[in-house]
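**Q** Input model36.pdb, format and content: PDB, C-alpha atoms and all ligand atoms.
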```pdb
ATOM      1  CA  MET A   1      37.923 -43.376 -14.326
ATOM      2  CA  VAL A   2      38.872 -40.539 -16.698
ATOM      3  CA  ILE A   3      41.883 -41.335 -18.818
ATOM      4  CA  HIS A   4      43.754 -38.293 -20.119
ATOM      5  CA  PRO A   5      45.668 -38.990 -23.334
ATOM      6  CA  ILE A   6      49.370 -38.192 -23.280
ATOM      7  CA  ILE A   7      49.777 -35.337 -25.735
ATOM      8  CA  ALA A   8      52.773 -36.192 -27.874
ATOM      9  CA  ASP A   9      52.983 -33.371 -30.382
ATOM     10  CA  PRO A  10      52.030 -29.705 -30.661
ATOM     11  CA  VAL A  11      49.507 -30.285 -33.505
ATOM     12  CA  SER A  12      47.432 -32.675 -31.408
ATOM     13  CA  GLU A  13      47.689 -30.355 -28.399
ATOM     14  CA  PHE A  14      46.440 -27.455 -30.552
ATOM     15  CA  ALA A  15      43.690 -29.703 -32.026
ATOM     16  CA  GLU A  16      42.587 -30.795 -28.561
ATOM     17  CA  GLU A  17      42.418 -27.228 -27.214
ATOM     18  CA  VAL A  18      40.524 -26.012 -30.290
ATOM     19  CA  CYS A  19      38.114 -28.927 -29.916
ATOM     20  CA  ASN A  20      37.515 -28.208 -26.207
ATOM     21  CA  GLY A  21      37.116 -24.471 -26.770
ATOM     22  CA  LEU A  22      34.665 -24.696 -29.656
ATOM     23  CA  ASN A  23      32.639 -27.457 -28.012
ATOM     24  CA  LYS A  24      32.233 -25.494 -24.790
ATOM     25  CA  PRO A  25      28.560 -25.162 -23.855
ATOM     26  CA  GLY A  26      27.487 -21.513 -24.030
ATOM     27  CA  GLN A  27      30.336 -19.167 -24.940
ATOM     28  CA  LYS A  28      32.817 -20.655 -27.461
ATOM     29  CA  GLU A  29      36.457 -19.882 -26.626
ATOM     30  CA  LEU A  30      39.969 -20.254 -28.022
ATOM     31  CA  PRO A  31      43.154 -19.817 -25.922
ATOM     32  CA  SER A  32      44.880 -16.492 -26.615
ATOM     33  CA  LYS A  33      48.345 -18.088 -26.708
ATOM     34  CA  TYR A  34      47.472 -19.398 -30.182
ATOM     35  CA  LEU A  35      47.227 -15.837 -31.536
ATOM     36  CA  TYR A  36      51.036 -15.778 -31.673
ATOM     37  CA  ASP A  37      52.184 -17.895 -34.603
ATOM     38  CA  GLU A  38      54.663 -16.240 -36.965
ATOM     39  CA  VAL A  39      52.006 -14.111 -38.703
ATOM     40  CA  GLY A  40      50.327 -13.220 -35.397
ATOM     41  CA  SER A  41      53.622 -12.248 -33.752
ATOM     42  CA  ARG A  42      54.459  -9.925 -36.637
ATOM     43  CA  LEU A  43      50.978  -8.373 -36.516
ATOM     44  CA  PHE A  44      51.410  -7.853 -32.777
ATOM     45  CA  GLU A  45      54.668  -5.945 -33.432
ATOM     46  CA  VAL A  46      52.659  -3.649 -35.753
ATOM     47  CA  ILE A  47      49.920  -3.216 -33.113
ATOM     48  CA  CYS A  48      52.613  -1.985 -30.699
ATOM     49  CA  ALA A  49      53.460   0.814 -33.155
ATOM     50  CA  LEU A  50      49.850   1.939 -33.731
ATOM     51  CA  PRO A  51      49.001   5.441 -32.477
ATOM     52  CA  GLU A  52      45.819   4.088 -30.816
ATOM     53  CA  TYR A  53      47.728   1.426 -28.824
ATOM     54  CA  GLY A  54      49.819   3.325 -26.282
ATOM     55  CA  LEU A  55      50.627   0.403 -23.969
ATOM     56  CA  THR A  56      54.028  -0.579 -25.357
ATOM     57  CA  ARG A  57      55.269   2.992 -25.631
ATOM     58  CA  ALA A  58      54.211   3.679 -22.024
ATOM     59  CA  ASP A  59      56.046   0.555 -20.833
ATOM     60  CA  GLU A  60      59.172   1.605 -22.702
ATOM     61  CA  ARG A  61      58.977   5.231 -21.498
ATOM     62  CA  LEU A  62      58.846   4.104 -17.887
ATOM     63  CA  LEU A  63      61.752   1.695 -18.259
ATOM     64  CA  ARG A  64      63.864   4.290 -20.067
ATOM     65  CA  LYS A  65      63.151   6.922 -17.455
ATOM     66  CA  HIS A  66      63.443   4.838 -14.285
ATOM     67  CA  ALA A  67      65.771   1.928 -15.111
ATOM     68  CA  ARG A  68      68.523   3.251 -12.869
ATOM     69  CA  GLU A  69      66.273   3.691  -9.854
ATOM     70  CA  ILE A  70      64.672   0.296 -10.447
ATOM     71  CA  VAL A  71      67.963  -1.611 -10.491
ATOM     72  CA  GLU A  72      69.344   0.337  -7.520
ATOM     73  CA  ARG A  73      66.536  -1.072  -5.421
ATOM     74  CA  VAL A  74      67.698  -4.625  -6.068
ATOM     75  CA  ARG A  75      70.935  -5.036  -4.158
ATOM     76  CA  GLY A  76      73.871  -7.381  -4.682
ATOM     77  CA  GLU A  77      74.775  -9.565  -7.622
ATOM     78  CA  VAL A  78      71.770  -9.977  -9.878
ATOM     79  CA  VAL A  79      70.657 -12.628 -12.342
ATOM     80  CA  VAL A  80      67.897 -11.412 -14.681
ATOM     81  CA  ALA A  81      65.203 -13.734 -16.047
ATOM     82  CA  GLU A  82      62.594 -12.372 -18.437
ATOM     83  CA  LEU A  83      59.283 -14.115 -19.097
ATOM     84  CA  GLY A  84      58.337 -13.645 -22.758
ATOM     85  CA  SER A  85      61.229 -11.440 -23.811
ATOM     86  CA  GLY A  86      59.885 -10.762 -27.317
ATOM     87  CA  SER A  87      62.428  -8.744 -29.277
ATOM     88  CA  GLY A  88      64.223  -7.654 -26.077
ATOM     89  CA  LYS A  89      64.012  -3.952 -27.019
ATOM     90  CA  LYS A  90      62.478  -2.725 -23.753
ATOM     91  CA  THR A  91      64.843  -4.818 -21.674
ATOM     92  CA  ARG A  92      67.856  -2.904 -22.965
ATOM     93  CA  TRP A  93      67.271  -0.063 -20.470
ATOM     94  CA  ILE A  94      67.336  -2.385 -17.460
ATOM     95  CA  LEU A  95      70.322  -4.393 -18.674
ATOM     96  CA  GLU A  96      72.330  -1.271 -19.479
ATOM     97  CA  ALA A  97      71.587   0.181 -16.057
ATOM     98  CA  LEU A  98      72.646  -3.056 -14.365
ATOM     99  CA  SER A  99      75.768  -3.622 -16.391
ATOM    100  CA  ARG A 100      77.117  -0.194 -15.431
ATOM    101  CA  HIS A 101      77.852  -1.553 -11.961
ATOM    102  CA  ARG A 102      78.134  -5.330 -12.212
ATOM    103  CA  PRO A 103      78.508  -8.189 -14.670
ATOM    104  CA  THR A 104      75.058  -9.713 -15.156
ATOM    105  CA  SER A 105      73.601 -12.884 -16.597
ATOM    106  CA  TYR A 106      70.386 -12.475 -18.569
ATOM    107  CA  TYR A 107      68.069 -15.403 -19.313
ATOM    108  CA  PRO A 108      65.247 -14.594 -21.746
ATOM    109  CA  ILE A 109      62.551 -17.297 -21.421
ATOM    110  CA  GLU A 110      60.437 -17.809 -24.540
ATOM    111  CA  ILE A 111      58.611 -20.620 -26.276
ATOM    112  CA  SER A 112      59.509 -19.088 -29.641
ATOM    113  CA  ALA A 113      63.020 -19.851 -30.898
ATOM    114  CA  THR A 114      62.673 -17.012 -33.465
ATOM    115  CA  ALA A 115      61.932 -14.461 -30.725
ATOM    116  CA  LEU A 116      64.897 -15.743 -28.677
ATOM    117  CA  ALA A 117      67.255 -15.335 -31.610
ATOM    118  CA  MET A 118      65.903 -11.791 -32.245
ATOM    119  CA  CYS A 119      66.378 -10.877 -28.611
ATOM    120  CA  GLU A 120      69.949 -12.226 -28.492
ATOM    121  CA  ARG A 121      70.829 -10.191 -31.600
ATOM    122  CA  GLU A 122      69.183  -7.017 -30.275
ATOM    123  CA  LEU A 123      71.082  -7.083 -26.972
ATOM    124  CA  ALA A 124      74.411  -8.608 -28.009
ATOM    125  CA  ASP A 125      76.227  -5.242 -27.959
ATOM    126  CA  ILE A 126      75.742  -4.574 -24.225
ATOM    127  CA  ASP A 127      79.048  -5.130 -22.467
ATOM    128  CA  ALA A 128      79.183  -7.097 -19.230
ATOM    129  CA  ILE A 129      75.964  -8.997 -19.979
ATOM    130  CA  SER A 130      76.000 -12.690 -20.762
ATOM    131  CA  ILE A 131      72.826 -13.851 -22.511
ATOM    132  CA  VAL A 132      71.578 -17.424 -22.229
ATOM    133  CA  GLY A 133      68.299 -18.042 -24.090
ATOM    134  CA  CYS A 134      65.909 -20.533 -22.518
ATOM    135  CA  GLU A 135      63.338 -22.051 -24.911
ATOM    136  CA  ARG A 136      60.750 -23.137 -22.349
ATOM    137  CA  GLU A 137      57.324 -22.327 -20.911
ATOM    138  CA  TYR A 138      57.543 -19.441 -18.392
ATOM    139  CA  LEU A 139      57.578 -21.325 -15.103
ATOM    140  CA  ASP A 140      59.650 -24.269 -16.376
ATOM    141  CA  GLY A 141      62.226 -21.791 -17.633
ATOM    142  CA  LEU A 142      62.210 -19.884 -14.361
ATOM    143  CA  LEU A 143      62.745 -23.108 -12.414
ATOM    144  CA  GLU A 144      65.772 -23.831 -14.545
ATOM    145  CA  VAL A 145      67.232 -20.350 -14.055
ATOM    146  CA  ALA A 146      66.614 -20.519 -10.302
ATOM    147  CA  ALA A 147      68.422 -23.862 -10.145
ATOM    148  CA  ARG A 148      71.450 -22.389 -11.955
ATOM    149  CA  ARG A 149      71.931 -19.323  -9.800
ATOM    150  CA  LEU A 150      74.896 -19.257  -7.450
ATOM    151  CA  ARG A 151      74.706 -18.770  -3.733
ATOM    152  CA  GLY A 152      74.133 -15.132  -2.807
ATOM    153  CA  GLN A 153      72.883 -14.102  -6.246
ATOM    154  CA  ARG A 154      69.496 -12.418  -6.411
ATOM    155  CA  LEU A 155      66.970 -13.094  -9.124
ATOM    156  CA  LEU A 156      65.288 -10.163 -10.854
ATOM    157  CA  VAL A 157      62.348 -11.453 -12.909
ATOM    158  CA  LEU A 158      60.943  -9.193 -15.632
ATOM    159  CA  PHE A 159      57.340  -9.713 -16.667
ATOM    160  CA  LEU A 160      56.653  -6.650 -18.804
ATOM    161  CA  GLY A 161      54.042  -5.429 -21.300
ATOM    162  CA  SER A 162      51.031  -6.285 -19.068
ATOM    163  CA  THR A 163      50.962  -9.881 -20.280
ATOM    164  CA  ILE A 164      49.692 -10.697 -16.768
ATOM    165  CA  GLY A 165      46.424  -8.988 -17.843
ATOM    166  CA  ASN A 166      45.868 -11.715 -20.450
ATOM    167  CA  PHE A 167      45.397 -14.335 -17.706
ATOM    168  CA  ASP A 168      41.849 -14.971 -16.547
ATOM    169  CA  ARG A 169      41.063 -13.681 -13.115
ATOM    170  CA  PRO A 170      42.098 -15.166 -10.598
ATOM    171  CA  ALA A 171      44.621 -17.174 -12.661
ATOM    172  CA  ASP A 172      46.847 -14.075 -12.580
ATOM    173  CA  ILE A 173      47.233 -14.361  -8.793
ATOM    174  CA  SER A 174      47.769 -18.135  -9.002
ATOM    175  CA  PHE A 175      50.499 -17.543 -11.578
ATOM    176  CA  LEU A 176      52.216 -14.995  -9.327
ATOM    177  CA  ARG A 177      51.937 -17.437  -6.431
ATOM    178  CA  GLU A 178      53.547 -20.211  -8.437
ATOM    179  CA  MET A 179      56.285 -17.810  -9.427
ATOM    180  CA  ARG A 180      56.783 -16.812  -5.788
ATOM    181  CA  LEU A 181      57.297 -20.487  -4.843
ATOM    182  CA  ILE A 182      60.259 -20.652  -7.223
ATOM    183  CA  LEU A 183      61.837 -17.474  -5.799
ATOM    184  CA  GLU A 184      63.675 -16.828  -2.533
ATOM    185  CA  PRO A 185      62.941 -14.018  -0.089
ATOM    186  CA  GLY A 186      64.555 -10.819  -1.378
ATOM    187  CA  ASP A 187      64.260 -11.795  -5.048
ATOM    188  CA  ALA A 188      62.451  -9.217  -7.170
ATOM    189  CA  LEU A 189      59.766  -9.164  -9.830
ATOM    190  CA  LEU A 190      59.298  -6.164 -12.106
ATOM    191  CA  LEU A 191      55.703  -6.431 -13.282
ATOM    192  CA  GLY A 192      54.219  -4.198 -16.000
ATOM    193  CA  THR A 193      50.469  -3.593 -15.724
ATOM    194  CA  ASP A 194      48.146  -1.615 -17.973
ATOM    195  CA  LEU A 195      45.853   0.631 -15.918
ATOM    196  CA  GLU A 196      42.199   1.612 -16.226
ATOM    197  CA  LYS A 197      41.381   4.265 -18.798
ATOM    198  CA  PRO A 198      38.315   5.594 -20.637
ATOM    199  CA  VAL A 199      36.361   2.874 -22.430
ATOM    200  CA  LEU A 200      36.385   4.638 -25.823
ATOM    201  CA  GLN A 201      40.163   4.914 -25.706
ATOM    202  CA  LEU A 202      40.374   1.176 -24.984
ATOM    203  CA  ILE A 203      37.973   0.279 -27.778
ATOM    204  CA  ASP A 204      40.088   2.306 -30.233
ATOM    205  CA  ALA A 205      43.227   0.561 -29.026
ATOM    206  CA  TYR A 206      41.743  -2.915 -29.519
ATOM    207  CA  ASP A 207      39.729  -2.153 -32.667
ATOM    208  CA  ASP A 208      42.008   0.201 -34.563
ATOM    209  CA  PRO A 209      40.771   1.924 -37.740
ATOM    210  CA  LEU A 210      43.525   0.348 -39.869
ATOM    211  CA  GLY A 211      42.247  -3.100 -38.968
ATOM    212  CA  VAL A 212      45.568  -4.502 -37.701
ATOM    213  CA  THR A 213      44.033  -5.853 -34.498
ATOM    214  CA  ALA A 214      41.191  -7.345 -36.543
ATOM    215  CA  ALA A 215      43.759  -9.130 -38.731
ATOM    216  CA  PHE A 216      45.635 -10.284 -35.596
ATOM    217  CA  ASN A 217      42.433 -11.770 -34.191
ATOM    218  CA  LEU A 218      41.139 -13.335 -37.442
ATOM    219  CA  ASN A 219      44.568 -14.840 -38.104
ATOM    220  CA  LEU A 220      43.647 -17.350 -35.413
ATOM    221  CA  LEU A 221      40.989 -18.806 -37.734
ATOM    222  CA  ALA A 222      43.450 -18.663 -40.643
ATOM    223  CA  ARG A 223      45.956 -20.527 -38.461
ATOM    224  CA  ILE A 224      43.393 -23.231 -37.703
ATOM    225  CA  ASN A 225      42.747 -23.530 -41.462
ATOM    226  CA  ARG A 226      46.501 -23.820 -42.125
ATOM    227  CA  GLU A 227      47.498 -26.142 -39.329
ATOM    228  CA  LEU A 228      44.394 -28.192 -38.637
ATOM    229  CA  ASP A 229      42.948 -28.417 -42.125
ATOM    230  CA  ALA A 230      39.799 -26.439 -41.391
ATOM    231  CA  ASP A 231      37.454 -24.528 -43.711
ATOM    232  CA  PHE A 232      36.714 -21.226 -41.937
ATOM    233  CA  VAL A 233      35.741 -18.654 -44.609
ATOM    234  CA  LEU A 234      37.332 -15.552 -43.076
ATOM    235  CA  GLU A 235      34.986 -13.107 -44.857
ATOM    236  CA  ARG A 236      32.117 -14.592 -42.854
ATOM    237  CA  TYR A 237      33.628 -13.544 -39.518
ATOM    238  CA  ALA A 238      34.315 -10.167 -37.917
ATOM    239  CA  HIS A 239      36.590  -8.925 -35.157
ATOM    240  CA  ALA A 240      34.899  -7.366 -32.129
ATOM    241  CA  ALA A 241      36.405  -5.605 -29.099
ATOM    242  CA  ARG A 242      34.134  -5.204 -26.068
ATOM    243  CA  PHE A 243      34.664  -3.719 -22.648
ATOM    244  CA  ASN A 244      33.382  -5.881 -19.824
ATOM    245  CA  ALA A 245      32.633  -3.453 -16.989
ATOM    246  CA  ASP A 246      32.207  -6.232 -14.403
ATOM    247  CA  THR A 247      35.708  -7.614 -14.894
ATOM    248  CA  ARG A 248      37.242  -4.308 -16.090
ATOM    249  CA  SER A 249      38.687  -6.077 -19.105
ATOM    250  CA  ILE A 250      38.736  -5.619 -22.822
ATOM    251  CA  GLU A 251      37.598  -8.816 -24.520
ATOM    252  CA  MET A 252      38.408  -9.728 -28.102
ATOM    253  CA  HIS A 253      35.822 -11.847 -29.874
ATOM    254  CA  ILE A 254      35.317 -13.224 -33.373
ATOM    255  CA  SER A 255      31.714 -12.923 -34.434
ATOM    256  CA  SER A 256      29.986 -15.114 -37.027
ATOM    257  CA  ALA A 257      28.245 -13.025 -39.735
ATOM    258  CA  CYS A 258      25.719 -15.774 -40.594
ATOM    259  CA  ASP A 259      24.523 -19.250 -39.656
ATOM    260  CA  GLN A 260      27.235 -21.614 -40.828
ATOM    261  CA  MET A 261      29.036 -24.893 -40.276
ATOM    262  CA  VAL A 262      32.802 -25.378 -40.039
ATOM    263  CA  THR A 263      34.805 -28.581 -40.324
ATOM    264  CA  ILE A 264      38.206 -28.918 -38.663
ATOM    265  CA  LYS A 265      39.589 -32.164 -40.047
ATOM    266  CA  LYS A 266      42.617 -32.655 -37.801
ATOM    267  CA  ALA A 267      40.467 -32.066 -34.720
ATOM    268  CA  GLY A 268      37.787 -34.471 -36.042
ATOM    269  CA  LEU A 269      35.231 -31.738 -35.481
ATOM    270  CA  SER A 270      32.261 -30.074 -37.178
ATOM    271  CA  VAL A 271      30.925 -26.980 -35.397
ATOM    272  CA  PRO A 272      27.749 -25.014 -36.074
ATOM    273  CA  PHE A 273      27.762 -21.209 -35.686
ATOM    274  CA  GLN A 274      24.698 -19.046 -35.430
ATOM    275  CA  LYS A 275      24.600 -15.540 -36.845
ATOM    276  CA  GLY A 276      26.053 -13.172 -34.201
ATOM    277  CA  GLU A 277      27.527 -15.984 -32.106
ATOM    278  CA  THR A 278      31.106 -15.269 -30.977
ATOM    279  CA  ILE A 279      34.351 -17.027 -30.117
ATOM    280  CA  TRP A 280      36.076 -15.355 -27.176
ATOM    281  CA  THR A 281      39.790 -15.166 -28.016
ATOM    282  CA  GLU A 282      41.432 -12.846 -25.467
ATOM    283  CA  THR A 283      40.950 -10.974 -22.211
ATOM    284  CA  SER A 284      43.046  -7.937 -21.373
ATOM    285  CA  HIS A 285      42.466  -6.795 -17.815
ATOM    286  CA  LYS A 286      42.984  -3.169 -16.845
ATOM    287  CA  TYR A 287      44.246  -2.794 -13.278
ATOM    288  CA  SER A 288      44.011  -0.120 -10.634
ATOM    289  CA  VAL A 289      47.263   0.766  -8.876
ATOM    290  CA  GLU A 290      45.912  -0.486  -5.519
ATOM    291  CA  GLU A 291      44.734  -3.736  -7.073
ATOM    292  CA  VAL A 292      48.279  -4.587  -8.207
ATOM    293  CA  ALA A 293      49.677  -4.045  -4.702
ATOM    294  CA  ASP A 294      46.871  -6.188  -3.253
ATOM    295  CA  MET A 295      47.384  -8.952  -5.776
ATOM    296  CA  ALA A 296      51.134  -8.928  -5.045
ATOM    297  CA  GLU A 297      50.497  -9.246  -1.316
ATOM    298  CA  HIS A 298      48.147 -12.198  -1.828
ATOM    299  CA  ALA A 299      50.827 -13.914  -3.855
ATOM    300  CA  GLY A 300      53.573 -13.476  -1.221
ATOM    301  CA  PHE A 301      55.267 -10.306  -2.475
ATOM    302  CA  ARG A 302      55.650  -6.822  -1.010
ATOM    303  CA  CYS A 303      55.088  -3.931  -3.384
ATOM    304  CA  ASP A 304      58.338  -1.978  -3.029
ATOM    305  CA  ALA A 305      57.681   0.785  -5.572
ATOM    306  CA  GLN A 306      55.424   1.758  -8.459
ATOM    307  CA  TRP A 307      56.177   4.072 -11.386
ATOM    308  CA  ILE A 308      53.232   5.393 -13.361
ATOM    309  CA  ASP A 309      52.987   6.790 -16.868
ATOM    310  CA  HIS A 310      50.280   9.429 -17.020
ATOM    311  CA  GLU A 311      50.244   9.880 -20.782
ATOM    312  CA  TRP A 312      48.941   6.294 -21.165
ATOM    313  CA  PRO A 313      48.077   5.060 -17.666
ATOM    314  CA  PHE A 314      50.433   2.151 -17.083
ATOM    315  CA  ALA A 315      52.422   1.015 -14.037
ATOM    316  CA  GLU A 316      55.791  -0.603 -13.562
ATOM    317  CA  ASN A 317      55.613  -2.395 -10.196
ATOM    318  CA  LEU A 318      58.674  -3.602  -8.290
ATOM    319  CA  LEU A 319      57.601  -6.534  -6.107
ATOM    320  CA  ILE A 320      59.912  -8.151  -3.565
ATOM    321  CA  ALA A 321      59.443 -11.784  -2.528
ATOM    322  CA  GLU A 322      58.789 -12.008   1.230
TER
HETATM  323  C1  LIG B 401      50.230  -9.032 -25.088
HETATM  324  N1  LIG B 401      49.111  -8.296 -24.491
HETATM  325  C2  LIG B 401      49.541  -7.593 -23.308
HETATM  326  C3  LIG B 401      48.342  -7.486 -25.440
HETATM  327  C4  LIG B 401      47.195  -6.748 -24.695
HETATM  328  O1  LIG B 401      47.092  -5.530 -24.853
HETATM  329  O2  LIG B 401      46.472  -7.382 -23.925
HETATM  330  C5  LIG B 401      47.748  -8.321 -26.549
HETATM  331  C6  LIG B 401      46.891  -7.546 -27.519
HETATM  332  N2  LIG B 401      45.730  -7.939 -27.974
HETATM  333  C7  LIG B 401      45.242  -7.030 -28.797
HETATM  334  N3  LIG B 401      46.071  -6.036 -28.856
HETATM  335  C8  LIG B 401      47.118  -6.323 -28.073
END
```
Let me see whether you can do it: turn the structure in this file into structure tokens.
Ligand code: AVI
**A**
Amino acid sequence: MVIHPIIADPVSEFAEEVCNGLNKPGQKELPSKYLYDEVGSRLFEVICALPEYGLTRADERLLRKHAREIVERVRGEVVVAELGSGSGKKTRWILEALSRHRPTSYYPIEISATALAMCERELADIDAISIVGCEREYLDGLLEVAARRLRGQRLLVLFLGSTIGNFDRPADISFLREMRLILEPGDALLLGTDLEKPVLQLIDAYDDPLGVTAAFNLNLLARINRELDADFVLERYAHAARFNADTRSIEMHISSACDQMVTIKKAGLSVPFQKGETIWTETSHKYSVEEVADMAEHAGFRCDAQWIDHEWPFAENLLIAE
């Protein structure tokens, strides 16, 4: 019988996942969610402003341009839930368009209390919107919002910024399916997806000349040093961004510059690294427009409309639960 320990605190959960990832036979891995501690979240905000990384600006352009049309497609009284609201900046366009016609409740769902507070401050001036922050994991938070809605209210879920692309394939479809199970027919999901583009453009976006993405990636090792009492010497590692043509994804790796040994005290672990060996830290899938519609259908949604940015290929997809 396999006995799984009950994980009581976030440090031991982090230690356990680091231990599993670095002990993996073959390719070493670390979960990308750990890139976002306070330093990582701030670095990510800077990435979003880099000229080479057009994703966030494309997402925002589409929402600014089409917010009205998007909300008009979702009829009746609407409750908005956003998975991973971040600062809430992009959401403003949708909430302003909605609040022109009807009072609306907005539930940002975030595991970071700091991000929730930022988002509440950013959007507090929009009249006719009541904001209730929900400090939970995505699906737990969504379950809670769904349970609170009143009869006849529709849910509009926002999952922006192509965060869906950071799930492994086919975990993205499973996630959409789980989300669909929480929703009722007629509820809507606005899903942002980054689209395929030339490989060199992608490499520049994920390995920018200023080195912000490199710092974002290497901060994961620094975080392990800080929180798990490890002795990674950061100068002996390098950031690498690779395009995987089979999966049509950009992968971020951390590559070891020499043969070396690392000790992570709070994980009770010593790990050898060979020169050139990498830790895989993130996948960012690039979709085709048809693929998104297909994926939606497999998860129990109908693709109602898609808006595409041609400056930086990106799609906003309005999916309706069937
Ligand atoms: C959050 N996510 C959609 C970003 C992406 O593009 O996959 C994370 C990121 N990683 C490096 N740069 C940006």
**Q** Suppose a student applies the PyMOL selection byres (((not hetatm)) within 6 of (chain B and resi 401)) to this structure; what residues should they get, written as an mmCIF file with C-alpha atoms, in the coordinates of the input?
**A**
```
data_model
loop_
_atom_site.group_PDB
_atom_site.id
_atom_site.type_symbol
_atom_site.label_atom_id
_atom_site.label_comp_id
_atom_site.auth_asym_id
_atom_site.auth_seq_id
_atom_site.Cartn_x
_atom_site.Cartn_y
_atom_site.Cartn_z
ATOM 1 C CA GLY A 161 54.042 -5.429 -21.300
ATOM 2 C CA SER A 162 51.031 -6.285 -19.068
ATOM 3 C CA THR A 163 50.962 -9.881 -20.280
ATOM 4 C CA ASN A 166 45.868 -11.715 -20.450
ATOM 5 C CA TYR A 206 41.743 -2.915 -29.519
ATOM 6 C CA THR A 213 44.033 -5.853 -34.498
ATOM 7 C CA SER A 284 43.046 -7.937 -21.373
#
```
**Q** Counting all atoms listed in the file, which residues of segment 33-86 of chain A sit at most 10 Å from some atom of segment 97-120 of chain A, and what is each one's closest atom pair with its distance in Å to one decimal, listed by chain and rising residue number, as a Markdown table?
**A**
```
| residue | atom | partner | partner_atom | distance |
| --- | --- | --- | --- | --- |
| A:Tyr36 | CA | A:Ser112 | CA | 9.3 |
| A:Asp37 | CA | A:Ser112 | CA | 8.9 |
| A:Glu38 | CA | A:Thr114 | CA | 8.8 |
| A:Ser41 | CA | A:Ala115 | CA | 9.1 |
| A:Arg64 | CA | A:Ala97 | CA | 9.6 |
| A:His66 | CA | A:Ala97 | CA | 9.5 |
| A:Ala67 | CA | A:Ala97 | CA | 6.1 |
| A:Arg68 | CA | A:Ala97 | CA | 5.4 |
| A:Glu69 | CA | A:Ala97 | CA | 8.9 |
| A:Ile70 | CA | A:Ala97 | CA | 8.9 |
| A:Val71 | CA | A:Leu98 | CA | 6.2 |
| A:Glu72 | CA | A:Leu98 | CA | 8.3 |
| A:Val74 | CA | A:Leu98 | CA | 9.8 |
| A:Gly76 | CA | A:Arg102 | CA | 8.9 |
| A:Glu77 | CA | A:Arg102 | CA | 7.1 |
| A:Val78 | CA | A:Thr104 | CA | 6.2 |
| A:Val79 | CA | A:Ser105 | CA | 5.2 |
| A:Val80 | CA | A:Tyr106 | CA | 4.7 |
| A:Ala81 | CA | A:Tyr107 | CA | 4.7 |
| A:Glu82 | CA | A:Pro108 | CA | 4.8 |
| A:Leu83 | CA | A:Ile109 | CA | 5.1 |
| A:Gly84 | CA | A:Glu110 | CA | 5.0 |
| A:Ser85 | CA | A:Pro108 | CA | 5.5 |
| A:Gly86 | CA | A:Ala115 | CA | 5.4 |
```
**Q** Please measure the separation of atom CA of Arg169 of chain A and atom CA of Asn219 of chain A, giving the value in Å to one decimal.
**A**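 For atom CA of Arg169 of chain A relative to atom CA of Asn219 of chain A, the distance reads 25.3 Å.
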**Q** Can you tell me, as a list in words, what residues are no more than 10 Å from Arg236 of chain A when counting all atoms listed in the file, ignoring any on the same chain fewer than 4 positions away?
**A**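 Counting all atoms listed in the file, the residues come to Phe232, Ser255, Ser256, Ala257, Cys258, Asp259, Gln260 and Lys275 of chain A.
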**Q** Taking the file as shown, find all residues satisfying the PyMOL selection byres (((chain A and resi 30) around 6) and not hetatm) and write them as a PyMOL selection string.
**A** chain A and resi 21+29+31+281
**Q** In Å, rounded to a single decimal, give me how far atom CA of Thr193 of chain A is from atom CA of Arg149 of chain A.
**A**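 Atom-to-atom, atom CA of Arg149 of chain A and atom CA of Thr193 of chain A are spaced 27.3 Å apart.
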**Q** Provide the atom CA of Gly192 of chain A to atom CA of Arg148 of chain A distance in Å, to one decimal place.
**A** 25.4 Å
**Q** Could you list the residues chosen by the PyMOL selection byres (((chain A and resi 204) around 12) and not hetatm) in this structure as an NGL selection string?
**A** :A and (47 or 50-54 or 197-203 or 205-214 or 240-243 or 250)
**Q** Would you list the residues near (64.8, -16.1, -8.4), meaning any protein, DNA or RNA residue with an atom at most 10 Å from that point in file coordinates, counting only C-alpha atoms, as a list of chain:residue names?
**A** A:Val78, A:Val79, A:Val80, A:Ala81, A:Leu142, A:Leu143, A:Glu144, A:Val145, A:Ala146, A:Ala147, A:Arg148, A:Arg149, A:Gln153, A:Arg154, A:Leu155, A:Leu156, A:Val157, A:Met179, A:Arg180, A:Leu181, A:Ile182, A:Leu183, A:Glu184, A:Pro185, A:Gly186, A:Asp187, A:Ala188, A:Leu189, A:Ala321
**Q** For Thr263 of chain A, which residue out of A:Ile129, A:Asn225, A:Thr283, A:Leu234 is the nearest one, using all atoms listed in the file?
**A**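 Selected residue with least distance to Thr263 of chain A: A:Asn225.
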**Q** Can you tell me which residues surround Leu62 of chain A at a distance of at most 9 Å, considering all atoms listed in the file, apart from same-chain residues fewer than 3 positions away, and format the answer as a PyMOL selection string?
**A** chain A and resi 57-59+65-67+307-309+314-316
**Q** For Glu16 of chain A, please output as a PyMOL selection string all residues within 10 Å (counting only C-alpha atoms; exclusion window: fewer than 3 positions along the same chain).
**A** chain A and resi 7+10-13+19-21+266-268
**Q** Centre and edge lengths of an axis-aligned box around all listed atoms of segment 85-91 of chain A, with 3 Å added on each side, are to be given in Å to one decimal, as JSON.
**A**
```
{"center_x": 62.4, "center_y": -7.1, "center_z": -25.5, "size_x": 11.0, "size_y": 14.7, "size_z": 13.6}
```
**Q** Might you pull out every residue within 10 Å of Ala296 of chain A, with all atoms listed in the file counted and same-chain residues fewer than 6 positions away left off, and present them as a PyMOL selection string?
**A** chain A and resi 173+176-177+180+189+191+290+302-303+317-321
**Q** I need the residue nearest Ile279 of chain A from this list: A:Asn217, A:Ser87, A:Thr247, A:Thr56. Use all atoms listed in the file for the distance.
**A**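 Closest to Ile279 of chain A of all the choices is A:Asn217.
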